[in-house]
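See below for the structure under consideration.
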Amino acid sequence: MSVPLEHDYIGLSEAPPSMEGSERTSGGLNHKATELRLGLPGSDSPERDKGVVAEDKAGYPLGVLKSLSVVSGAKRGFSDAIDGGSGKWVFSGSGGSEAESGKGGNLFSPRGVNGGGKGGLVGGSEGANQNTGLGGPILKDGVVPQSPKPSQEKKPQLSAPAAKAQVVGWPPIRSYRKNSMASHPPKNEDDTEGKLGSGCLYVKVSMDGAPYLRKVDLKTYGSYRELSSALEKMFSCFTIGQCGSHGVPSRDGLSESRLMDLLHGSEYVLTYEDKDGDWMLVGDVPWEMFTDSCKRMRIMKSSEAIGLAPRAMEKCKNRH
Amino acid sequence: MPRMGYSFPEEVLEHVFSFIQSDEDRNAISEVCRSWHDIERWSRRRVFVGNCYAISPTMVIRRFPEVRSVKLKGKPHFADFNLVPEGWGGYVAPWISAMASAYPWLEEIRLKRMVITDESLELISKSFKNFKVLVLSSCEGFSTDGLAAIAANCRNLRELDLGESEVEDLSGHWLSRFPDNYTSMVSLNIACLGWEVSFSALERLVGRCPNLRTLRLNRAVPLDKLANLLCRAPQLVELGTGAYSSELRPDVFSNLSGAFSGCKELKSLSGFWDVVPGYLPAVYPICSKLKSLNLSYATIQSPELIKLVSQCQNLQRLWVLDYIEDAGLDALAASCKDLRELRVFPSDPFGQEPNVPLTEQGLVSVSEGCPKLQSVLYFCRQMSNAALMTIARNRPNMTRFRLCIIEPHTPDYLTLQPLDVGFGAIVEHCKDLRRLSLSGLLTDRVFEYIGTHAKKLEMLSVAFAGESDLGLHHILSGCDNLRKLEIRDCPFGDKALLANAAKLETMRSLWMSSCSVSFGACKLLGQKMPGLNVEVIDERGPPDLRPESCPIDKLYVYRTVSGPRFDMPGFVWTMAENPALRLS
């Protein structure tokens with residue numbers, strides 16, 4: 001069996017996207033300011049910029065690369081739509097379209113994913129180049145704390161900002177271990193009640209009619225809206241069946257309004273089982289209380305949620 | 001020309017072959033001539049299938065009709081970190097049902113990362129009269145009901161090891177299903193069970209199994225009951241405690257201490273959840289004999305850890321949390337000269353700041369002080385090229401090196417350079433390196449080093465690294481012995497993959513997620529390489545509803561002789577020319 005695939009690799013190393021490269025370096029500062037780096041606050045430390053921006057032979061400023069890759073690793077299931085962003089999957093290969101044929105075309109410019117993003121969109125063809133198919137880097141606007149990363153100074157013991165989103169599967173620790181540590185958080189002097197950073201909280205989510213269950217880590221969401229968007233994303237292929245069927249999602253505030261549609265359409269209701277074994281409507285109690293008491297969730301058909309449904313609609317209306 | 005194959009009677013050859021255990025050697029034997037092939041296949045007793053989808057159960061059974069021991073692996077390694085969506089696959093049921101009729105004398109089943117149901121467990125318990133060993137490592141899909149069936153029916157069971165599986169805990173009474181006249185347990189590991197098992201059943205079981213050597217309890221077994229158990233099983237070689245906490249009471253302490261002292265053969269300790277430091281000295285009497293110590297759930301601080309570890313002069317394996325700190329690792333390096341394996345886990349992996357003074361220095365110390373150190377898994381928050389080079393020069397005998405710098409893209413903290421040369425030194429000096437995991441800020445250069453030097457490398461894990469397809473090309477074209485490659489969040493795309501397509505058939509599997517491989521390339525790969533299953537995993541919906549140049553979410557490519565599988569969930573697509581023509 002022959003492998004009729006021949007590519008010239010020599011070409012790769014000598015084909016810096018010089019145009020973009022320089023654009024990047026010159027737009028470097030703007031770039032930093034506009035970069036949406038979920039999960040890596042402090043990664044925009046100034047020293048790193050200076051030390052690393054030196055381009056290597058491929059012509060890619062490393063500092064930029066770093067953040068780009070980071071961005072692509074951001075946890076899926078976060079919705080940028082919460083803040084009114086338009087396409088959840090819009091994450092174009094920057095100028096990658098021209099460069100695409102020449103090389104791996106793997107750089108993604110962290111252009112403002114949200115329509116109203118801050119300036120500094122590099123590599124002009126963003127309109128034409130909406131590669132919506134990218135693996136899930138959904139970025140939250142305005143999330144990144146701008147302070148450079150302090151090396152050893154103690155941070156005040158605030159609750160970890162909800163902005164510190166966890167990248168899925170990173171650091172690479174087995175769920176088994178995470179769960180063991182989570183149920184009994186470590187005893188060290190820094191362990192104040194606000195420390196949300198440790199542990200995780202995986203709960204099963206079932207949906208009536210779906211062939212299999214999912215699991216979500218409640219610790220990675222900061223609010224009901226985040227949760228509902230994530231769930232909607234996970235289960236939308238069972239309801240609407242239009243997961244990814246369009247290149248560009250056609251509406252704003254996508255997931256939230258969809259869920260509201262679902263609820264208003266009274267098709268489904270989101271419920272959870274609490275520590276006492278009772279089935280409750282999601283949304284009645286403060287978020288922290290919910291995550292403390294939620295054991296599992298069920299997206300229930302409203303027809304079964306007799307007595308709950310009317311309240312659900314009421315609650316939704318009240319929330320907005 | 002004399003036909004050597006017929007010079008010896010078959011029985012003689014079979015007897016000779018019985019001394020050959022390794023798969024590699026047996027595979028070589030079977031290629032000598034037809035008669036050797038036949039004799040070998042009838043005498044092969046152990047089969048290892050590293051990817052359950054690489055071959056069908058029917059084919060295995062056809063080739064090796066008299067197997068006694070089977071080991072299967074299912075999901076890709078990154079499933080451990082939740083990168084493989086639930087429902088992906090790895091179902092063992094077809095194997096169990098095929099073997100139930102074909103291998104009535106099967107004795108051992110070992111599974112890793114597979115989905116096994118209670119029905120399968122019941123089928124196992126009823127189909128194999130001489131069943132002895134069940135090891136379920138990181139498996140899921142079953143409950144304590146399935147375990148009850150095993151307990152009730154497997155009269156000759158020696159080993160029941162639930163590893164780190166996810167078990168639905170319906171009742172702790174499954175343990176009582178072991179009949180009163182059942183006495184053959186040698187190894188029992190129930191550490192993963194979340195809820196209580198019936199303690200009296202456990203006590204009686206332990207008491208009546210004189211050959212019990214390994215007992216790994218779950219967290220729910222309280223400390224004040226441990227002494228009792230130990231007194232019933234002083235012959236234990238490996239023990240996993242339950243929760244290691246209790247009110248500090250002198251009588252409990254002295255019972256415990258006495259019980260430990262009575263275990264003269266104890267060489268391995270684990271468990272230690274919720275440690276109350278006051279009870280640690282209870283194990284001091286046996287420290288000097290310990291070869292393996294797993295304190296990776298023990299939230300104790302460095303001073304206690306140092307006291308403990310300094311007494312374990314014969315320690316070969318240590319798993320510990322980063323509470324040990326650099327100071328503790330210095331002590332380890334000074335006391336434990338026989339250390340072969342070190343794993344340091346992060347106590348606060350999601351915190352934004354270092355919470356303990358554990359740095360690259362600890363690892364450097366151990367690499368200096370422990371001449372036999374060959375296997376490392378180290379989570380830390382800072383690293384330098386200088387440290388890596390020192391480690392590499394100190395320990396050219398390193399065979400497994402996995403470094404996880406917690407924050408992606410972290411450069412050398414001293415020079416702010418990428419860590420390319422540091423890892424380069426590792427692969428250059430450690431010529432027998434078989435497994436490597438990278439982290440930190442890395443350019444394509446590190447892959448050039450790896451492709452050039454890491455000739456014995458079998459498994460490579462890459463995350464948030466590299467700059468272009470050249471990186472991937474270096475790996476695929478340079479690493480001659482590469483079997484498993486797993487990549488996430490790297491800017492690798494179509495070119496390197498397609499240019500090295502043939503290489504993929506020499507490997508067990510390739511995983512790429514959140515990279516830039518286009519759907520078009522996946523289709524091309526699947527079409528051109530019929531010996532590979534090219535699976536596109538994408539929860540956003542069918543990839544063919546998006547442009548071909550769109551990157552896919554996750555790619556899993558593996559070689560197979562049985563074509564595309566038929567148990568894929570809705571979010572997995574196999575790229576193939578003609579799936580209908582595949583025969584299994």
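Identifiers in this document derive from the order of the structure tokens: chains are assigned A, B, ..., residues are numbered from 1 separately in each chain, and ligands are numbered from 1 in order of occurrence.
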
All strand (DSSP E or B) positions in range 155-370 of chain B, as an mmCIF file with C-alpha atoms, in the first residue's frame:
data_model
loop_
_atom_site.group_PDB
_atom_site.id
_atom_site.type_symbol
_atom_site.label_atom_id
_atom_site.label_comp_id
_atom_site.auth_asym_id
_atom_site.auth_seq_id
_atom_site.Cartn_x
_atom_site.Cartn_y
_atom_site.Cartn_z
ATOM 1 C CA GLU B 159 -7.388 -11.554 43.245
ATOM 2 C CA LEU B 160 -10.055 -8.858 43.143
ATOM 3 C CA ASP B 161 -8.578 -5.481 42.392
ATOM 4 C CA GLU B 166 -15.919 4.116 39.412
ATOM 5 C CA VAL B 167 -18.317 1.745 41.102
ATOM 6 C CA GLU B 168 -21.935 2.435 41.737
ATOM 7 C CA SER B 187 -5.235 -9.863 46.974
ATOM 8 C CA LEU B 188 -8.170 -7.580 47.640
ATOM 9 C CA ASN B 189 -8.234 -3.922 46.631
ATOM 10 C CA THR B 214 -2.556 -7.600 49.723
ATOM 11 C CA LEU B 215 -5.374 -5.703 51.368
ATOM 12 C CA ARG B 216 -6.278 -2.211 50.239
ATOM 13 C CA GLU B 238 0.780 -4.839 51.155
ATOM 14 C CA LEU B 239 -1.674 -2.759 53.116
ATOM 15 C CA GLY B 240 -3.845 0.197 52.244
ATOM 16 C CA ALA B 243 -9.144 6.916 56.865
ATOM 17 C CA SER B 268 3.979 -1.587 51.021
ATOM 18 C CA LEU B 269 1.699 0.996 52.595
ATOM 19 C CA SER B 270 -0.956 3.206 51.094
ATOM 20 C CA TRP B 273 -6.705 9.590 53.977
ATOM 21 C CA SER B 292 6.649 1.252 48.653
ATOM 22 C CA LEU B 293 4.864 4.126 50.329
ATOM 23 C CA ASN B 294 1.879 5.935 48.910
ATOM 24 C CA LEU B 295 1.161 9.077 50.874
ATOM 25 C CA ARG B 317 8.801 3.888 45.559
ATOM 26 C CA LEU B 318 7.348 7.055 47.075
ATOM 27 C CA TRP B 319 4.146 8.795 46.083
ATOM 28 C CA VAL B 320 3.552 11.960 48.048
ATOM 29 C CA LEU B 321 1.891 15.378 47.950
ATOM 30 C CA GLU B 341 10.309 5.891 41.626
ATOM 31 C CA LEU B 342 9.091 9.272 42.871
ATOM 32 C CA ARG B 343 5.714 10.881 42.268
ATOM 33 C CA VAL B 344 4.913 14.279 43.722
ATOM 34 C CA PHE B 345 1.303 15.397 43.354
#

Per residue of chain B within 7 Å of chain A, record the nearest atom pair and its distance in Å to one decimal, counting only C-alpha atoms, with rows in chain order and ascending residue number, as a Markdown table.
| residue | atom | partner | partner_atom | distance |
| --- | --- | --- | --- | --- |
| B:Asp80 | CA | A:Arg174 | CA | 5.3 |
| B:Phe81 | CA | A:Gly169 | CA | 4.4 |
| B:Asn82 | CA | A:Gly169 | CA | 5.7 |
| B:Leu83 | CA | A:Gly169 | CA | 6.2 |
| B:Glu86 | CA | A:Arg214 | CA | 6.6 |
| B:Gly87 | CA | A:Tyr212 | CA | 7.0 |
| B:Glu164 | CA | A:Tyr176 | CA | 6.6 |
| B:Thr299 | CA | A:Pro186 | CA | 5.8 |
| B:Asp348 | CA | A:Ser198 | CA | 5.7 |
| B:Pro349 | CA | A:Pro171 | CA | 6.7 |
| B:Phe350 | CA | A:Gly197 | CA | 5.0 |
| B:Gly351 | CA | A:Gly197 | CA | 4.9 |
| B:Ile406 | CA | A:Pro171 | CA | 5.9 |
| B:His409 | CA | A:Lys66 | CA | 5.8 |
| B:Leu416 | CA | A:Gly51 | CA | 5.9 |
| B:Gln417 | CA | A:Val52 | CA | 6.7 |
| B:Phe464 | CA | A:Ser69 | CA | 5.9 |
| B:Ser468 | CA | A:Gly104 | CA | 6.2 |
| B:Asp469 | CA | A:Gly104 | CA | 5.5 |
| B:Leu470 | CA | A:Leu12 | CA | 6.8 |
| B:Asp489 | CA | A:Gly73 | CA | 5.4 |
| B:Cys490 | CA | A:Ser69 | CA | 6.3 |
| B:Pro491 | CA | A:Asn106 | CA | 4.9 |
| B:Phe492 | CA | A:Asn106 | CA | 6.5 |
| B:Gly493 | CA | A:Gly104 | CA | 5.3 |
| B:Asp494 | CA | A:Gly104 | CA | 6.5 |
| B:Lys495 | CA | A:Gly104 | CA | 6.2 |
| B:Leu498 | CA | A:Leu5 | CA | 6.4 |
| B:Ala499 | CA | A:Leu5 | CA | 5.7 |
| B:Ala502 | CA | A:Val3 | CA | 6.7 |
| B:Ser514 | CA | A:Gly135 | CA | 5.3 |
| B:Ser516 | CA | A:Asn106 | CA | 6.0 |
| B:Arg540 | CA | A:Gly244 | CA | 5.1 |
| B:Gly541 | CA | A:Cys243 | CA | 4.9 |
| B:Leu545 | CA | A:Ser245 | CA | 5.5 |
| B:Arg546 | CA | A:Gly247 | CA | 6.0 |
| B:Cys550 | CA | A:Gly133 | CA | 4.9 |
| B:Pro551 | CA | A:Leu134 | CA | 5.3 |
| B:Ile552 | CA | A:Gly135 | CA | 6.1 |
| B:Asp553 | CA | A:Gly135 | CA | 4.1 |

inquiry  = So that I can see what lies close to Glu535 in chain B, please list as a PyMOL selection string the residues with an atom at most 10 Å from it, counting only C-alpha atoms and leaving out residues fewer than 5 positions away in the same chain.
reply    = chain B and resi 511+522-523+526+554-558+564-565+568+571-576

How would the residues just picked look written out with N, CA and C atoms as a PDB file, in the first residue's frame?
ATOM      1  N   TRP B 511      -3.449  10.605  19.722  1.00  0.00           N
ATOM      2  CA  TRP B 511      -4.557  11.450  20.174  1.00  0.00           C
ATOM      3  C   TRP B 511      -4.172  12.896  19.945  1.00  0.00           C
ATOM      4  N   CYS B 522      -8.556  14.703   7.986  1.00  0.00           N
ATOM      5  CA  CYS B 522      -8.980  13.452   8.631  1.00  0.00           C
ATOM      6  C   CYS B 522      -9.594  12.511   7.610  1.00  0.00           C
ATOM      7  N   LYS B 523     -10.412  13.065   6.758  1.00  0.00           N
ATOM      8  CA  LYS B 523     -11.040  12.217   5.728  1.00  0.00           C
ATOM      9  C   LYS B 523      -9.977  11.603   4.840  1.00  0.00           C
ATOM     10  N   GLY B 526      -8.151   8.854   6.602  1.00  0.00           N
ATOM     11  CA  GLY B 526      -8.968   7.651   6.699  1.00  0.00           C
ATOM     12  C   GLY B 526      -9.066   6.915   5.379  1.00  0.00           C
ATOM     13  N   LYS B 554     -11.474  16.792  18.394  1.00  0.00           N
ATOM     14  CA  LYS B 554     -10.580  15.748  18.897  1.00  0.00           C
ATOM     15  C   LYS B 554     -10.404  14.670  17.846  1.00  0.00           C
ATOM     16  N   LEU B 555      -9.194  14.175  17.797  1.00  0.00           N
ATOM     17  CA  LEU B 555      -8.861  13.145  16.820  1.00  0.00           C
ATOM     18  C   LEU B 555      -8.209  11.977  17.540  1.00  0.00           C
ATOM     19  N   TYR B 556      -8.682  10.789  17.224  1.00  0.00           N
ATOM     20  CA  TYR B 556      -8.068   9.602  17.810  1.00  0.00           C
ATOM     21  C   TYR B 556      -7.832   8.623  16.680  1.00  0.00           C
ATOM     22  N   VAL B 557      -6.580   8.348  16.438  1.00  0.00           N
ATOM     23  CA  VAL B 557      -6.209   7.472  15.323  1.00  0.00           C
ATOM     24  C   VAL B 557      -5.515   6.243  15.884  1.00  0.00           C
ATOM     25  N   TYR B 558      -5.928   5.091  15.461  1.00  0.00           N
ATOM     26  CA  TYR B 558      -5.258   3.886  15.954  1.00  0.00           C
ATOM     27  C   TYR B 558      -5.256   2.824  14.879  1.00  0.00           C
ATOM     28  N   PRO B 564     -13.536  -0.226  11.125  1.00  0.00           N
ATOM     29  CA  PRO B 564     -14.219   0.724  12.001  1.00  0.00           C
ATOM     30  C   PRO B 564     -15.116  -0.023  12.975  1.00  0.00           C
ATOM     31  N   ARG B 565     -15.264   0.534  14.141  1.00  0.00           N
ATOM     32  CA  ARG B 565     -16.085  -0.153  15.134  1.00  0.00           C
ATOM     33  C   ARG B 565     -17.536   0.257  14.944  1.00  0.00           C
ATOM     34  N   MET B 568     -19.993   3.201  18.117  1.00  0.00           N
ATOM     35  CA  MET B 568     -19.660   4.592  18.366  1.00  0.00           C
ATOM     36  C   MET B 568     -20.899   5.401  18.746  1.00  0.00           C
ATOM     37  N   PHE B 571     -21.356  11.272  18.727  1.00  0.00           N
ATOM     38  CA  PHE B 571     -20.384  12.346  18.529  1.00  0.00           C
ATOM     39  C   PHE B 571     -19.037  11.835  18.027  1.00  0.00           C
ATOM     40  N   VAL B 572     -19.007  10.586  17.561  1.00  0.00           N
ATOM     41  CA  VAL B 572     -17.768  10.035  17.009  1.00  0.00           C
ATOM     42  C   VAL B 572     -18.023   9.577  15.585  1.00  0.00           C
ATOM     43  N   TRP B 573     -17.151   9.982  14.676  1.00  0.00           N
ATOM     44  CA  TRP B 573     -17.252   9.550  13.284  1.00  0.00           C
ATOM     45  C   TRP B 573     -15.938   8.913  12.865  1.00  0.00           C
ATOM     46  N   THR B 574     -16.040   7.774  12.177  1.00  0.00           N
ATOM     47  CA  THR B 574     -14.834   7.153  11.649  1.00  0.00           C
ATOM     48  C   THR B 574     -14.703   7.527  10.186  1.00  0.00           C
ATOM     49  N   MET B 575     -13.522   7.977   9.838  1.00  0.00           N
ATOM     50  CA  MET B 575     -13.263   8.313   8.442  1.00  0.00           C
ATOM     51  C   MET B 575     -12.815   7.058   7.730  1.00  0.00           C
ATOM     52  N   ALA B 576     -13.609   6.572   6.825  1.00  0.00           N
ATOM     53  CA  ALA B 576     -13.202   5.362   6.108  1.00  0.00           C
ATOM     54  C   ALA B 576     -13.809   5.383   4.735  1.00  0.00           C
TER      55      ALA B 576
END

*So what do you get for CA of Asp330 in chain B versus CA of Leu308 in chain B, distance-wise?*
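According to the coordinates, CA of Asp330 in chain B and CA of Leu308 in chain B are separated by 13.5 Å.
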
Who sits within 8 Å of Arg68 in chain B, only C-alpha atoms, same chain under 2 positions skipped, as a list in words:
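Residues near the query, excluding close chain neighbours: Arg45, Arg46, Glu66, Val70, Tyr103, Trp105, Leu106, Glu107 and Glu108 of chain B.
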
Neighbouring residues of Asp208 in chain A were defined as those with any atom within 12 Å, considering only C-alpha atoms; residues of the same chain fewer than 3 positions away were excluded. Please report them as a short mmCIF file (atom, residue, chain, number, x, y, z; two decimals) with N, CA, C and O atoms, in the first residue's frame.
data_model
loop_
_atom_site.label_atom_id
_atom_site.label_comp_id
_atom_site.auth_asym_id
_atom_site.auth_seq_id
_atom_site.Cartn_x
_atom_site.Cartn_y
_atom_site.Cartn_z
N VAL A 205 -25.57 14.60 35.01
CA VAL A 205 -26.70 15.31 34.46
C VAL A 205 -27.41 14.39 33.48
O VAL A 205 -26.81 13.91 32.53
N PRO A 211 -29.84 9.46 25.17
CA PRO A 211 -29.32 8.09 25.31
C PRO A 211 -28.24 7.93 26.37
O PRO A 211 -27.96 6.83 26.80
N TYR A 212 -27.60 8.99 26.76
CA TYR A 212 -26.58 8.85 27.79
C TYR A 212 -26.50 10.10 28.65
O TYR A 212 -26.97 11.16 28.28
N LEU A 213 -25.89 9.91 29.82
CA LEU A 213 -25.77 11.01 30.76
C LEU A 213 -24.48 11.76 30.53
O LEU A 213 -23.57 11.28 29.86
N PHE A 235 -26.43 19.44 25.67
CA PHE A 235 -27.61 18.64 25.35
C PHE A 235 -28.36 19.13 24.14
O PHE A 235 -29.36 18.56 23.75
N PHE A 238 -29.59 16.99 21.38
CA PHE A 238 -30.73 16.11 21.56
C PHE A 238 -32.05 16.84 21.37
O PHE A 238 -33.05 16.23 21.08
N THR A 239 -32.01 18.12 21.60
CA THR A 239 -33.27 18.86 21.50
C THR A 239 -33.42 19.49 20.14
O THR A 239 -34.21 19.08 19.32
N GLU A 267 -40.80 23.05 27.36
CA GLU A 267 -40.47 21.68 26.99
C GLU A 267 -39.69 20.98 28.09
O GLU A 267 -39.92 19.82 28.40
N TYR A 268 -38.72 21.70 28.66
CA TYR A 268 -37.87 21.08 29.69
C TYR A 268 -37.71 21.96 30.90
O TYR A 268 -37.80 23.17 30.82
N VAL A 269 -37.43 21.32 31.98
CA VAL A 269 -37.19 22.03 33.23
C VAL A 269 -35.92 21.45 33.84
O VAL A 269 -35.71 20.23 33.79
N LEU A 270 -35.11 22.31 34.41
CA LEU A 270 -33.87 21.82 35.02
C LEU A 270 -34.07 21.63 36.51
O LEU A 270 -34.45 22.55 37.23
N THR A 271 -33.83 20.40 36.95
CA THR A 271 -34.02 20.10 38.37
C THR A 271 -32.77 19.44 38.93
O THR A 271 -31.91 19.00 38.18
N MET A 297 -28.24 16.20 38.62
CA MET A 297 -29.24 17.05 37.96
C MET A 297 -30.02 16.27 36.93
O MET A 297 -29.55 15.26 36.40
N ARG A 298 -31.20 16.80 36.64
CA ARG A 298 -32.00 16.14 35.61
C ARG A 298 -32.74 17.19 34.82
O ARG A 298 -33.42 18.06 35.38
N ILE A 299 -32.58 17.08 33.54
CA ILE A 299 -33.34 17.97 32.66
C ILE A 299 -34.63 17.22 32.36
O ILE A 299 -34.65 16.24 31.61
N MET A 300 -35.66 17.72 32.96
CA MET A 300 -36.91 16.97 33.00
C MET A 300 -37.88 17.53 31.98
O MET A 300 -37.95 18.73 31.79
N LYS A 301 -38.66 16.64 31.39
CA LYS A 301 -39.72 17.13 30.51
C LYS A 301 -40.78 17.81 31.37
O LYS A 301 -41.18 17.28 32.39
N SER A 302 -41.20 18.97 30.93
CA SER A 302 -42.15 19.71 31.75
C SER A 302 -43.41 18.93 32.02
O SER A 302 -44.05 19.10 33.05
N SER A 303 -43.76 18.08 31.09
CA SER A 303 -44.97 17.29 31.30
C SER A 303 -44.86 16.45 32.56
O SER A 303 -45.85 16.11 33.17
N GLU A 304 -43.62 16.15 32.94
CA GLU A 304 -43.45 15.37 34.16
C GLU A 304 -43.28 16.27 35.37
O GLU A 304 -43.40 15.83 36.50
N ALA A 305 -42.94 17.50 35.11
CA ALA A 305 -42.65 18.40 36.23
C ALA A 305 -43.91 19.12 36.64
O ALA A 305 -43.94 20.33 36.74
#

Just how far from CA of Ile324 in chain B is CA of Ser296 in chain B, in Å to one decimal?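 Computed distance, CA of Ser296 in chain B to CA of Ile324 in chain B, equals 10.3 Å.
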
As a tab-separated table (two decimals) with N, CA and C atoms, in the first residue's frame, please: the residues near range 201-210 of chain B (cut-off 7 Å, only C-alpha atoms, same-chain neighbours under 5 positions excluded).
chain	number	residue	atom	x	y	z
B	175	LEU	N	-19.89	-7.95	49.95
B	175	LEU	CA	-18.76	-8.69	50.51
B	175	LEU	C	-19.21	-9.93	51.26
B	176	SER	N	-20.43	-9.86	51.78
B	176	SER	CA	-20.94	-11.02	52.52
B	176	SER	C	-21.28	-12.18	51.60
B	183	THR	N	-11.85	-19.46	50.98
B	183	THR	CA	-10.66	-19.06	51.73
B	183	THR	C	-9.48	-18.72	50.84
B	184	SER	N	-9.72	-18.53	49.53
B	184	SER	CA	-8.55	-18.42	48.68
B	184	SER	C	-8.08	-17.01	48.33
B	185	MET	N	-8.66	-15.99	48.98
B	185	MET	CA	-8.24	-14.63	48.60
B	185	MET	C	-6.77	-14.39	48.88
B	229	LEU	N	-8.08	-5.88	62.09
B	229	LEU	CA	-7.85	-6.51	60.79
B	229	LEU	C	-6.41	-6.98	60.68
B	232	ARG	N	-5.62	-10.11	62.39
B	232	ARG	CA	-6.09	-11.31	61.71
B	232	ARG	C	-5.27	-11.65	60.49
B	233	ALA	N	-4.45	-10.69	60.04
B	233	ALA	CA	-3.68	-10.95	58.82
B	233	ALA	C	-2.25	-10.47	58.97

task: Between CA of Asn51 in chain B and CA of Ser509 in chain B, measure the distance and give it in Å to one decimal.
output: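 Here the two named atoms are 8.4 Å from each other.
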
Near-Leu373 in chain B list (7 Å; only C-alpha atoms; drop same-chain fewer than 4 positions) as a list of chain:residue names:
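Listed by chain and then number, they are B:Leu339, B:Arg340, B:Glu341, B:Ser367, B:Met398.
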
Backbone DSSP call of alpha helix (DSSP H) for range 225-471 of chain B, listed as a ChimeraX atom specification
/B:225-232,250-262,284-287,302-309,325-335,360-369,385-394,420-429,444-453,469-471
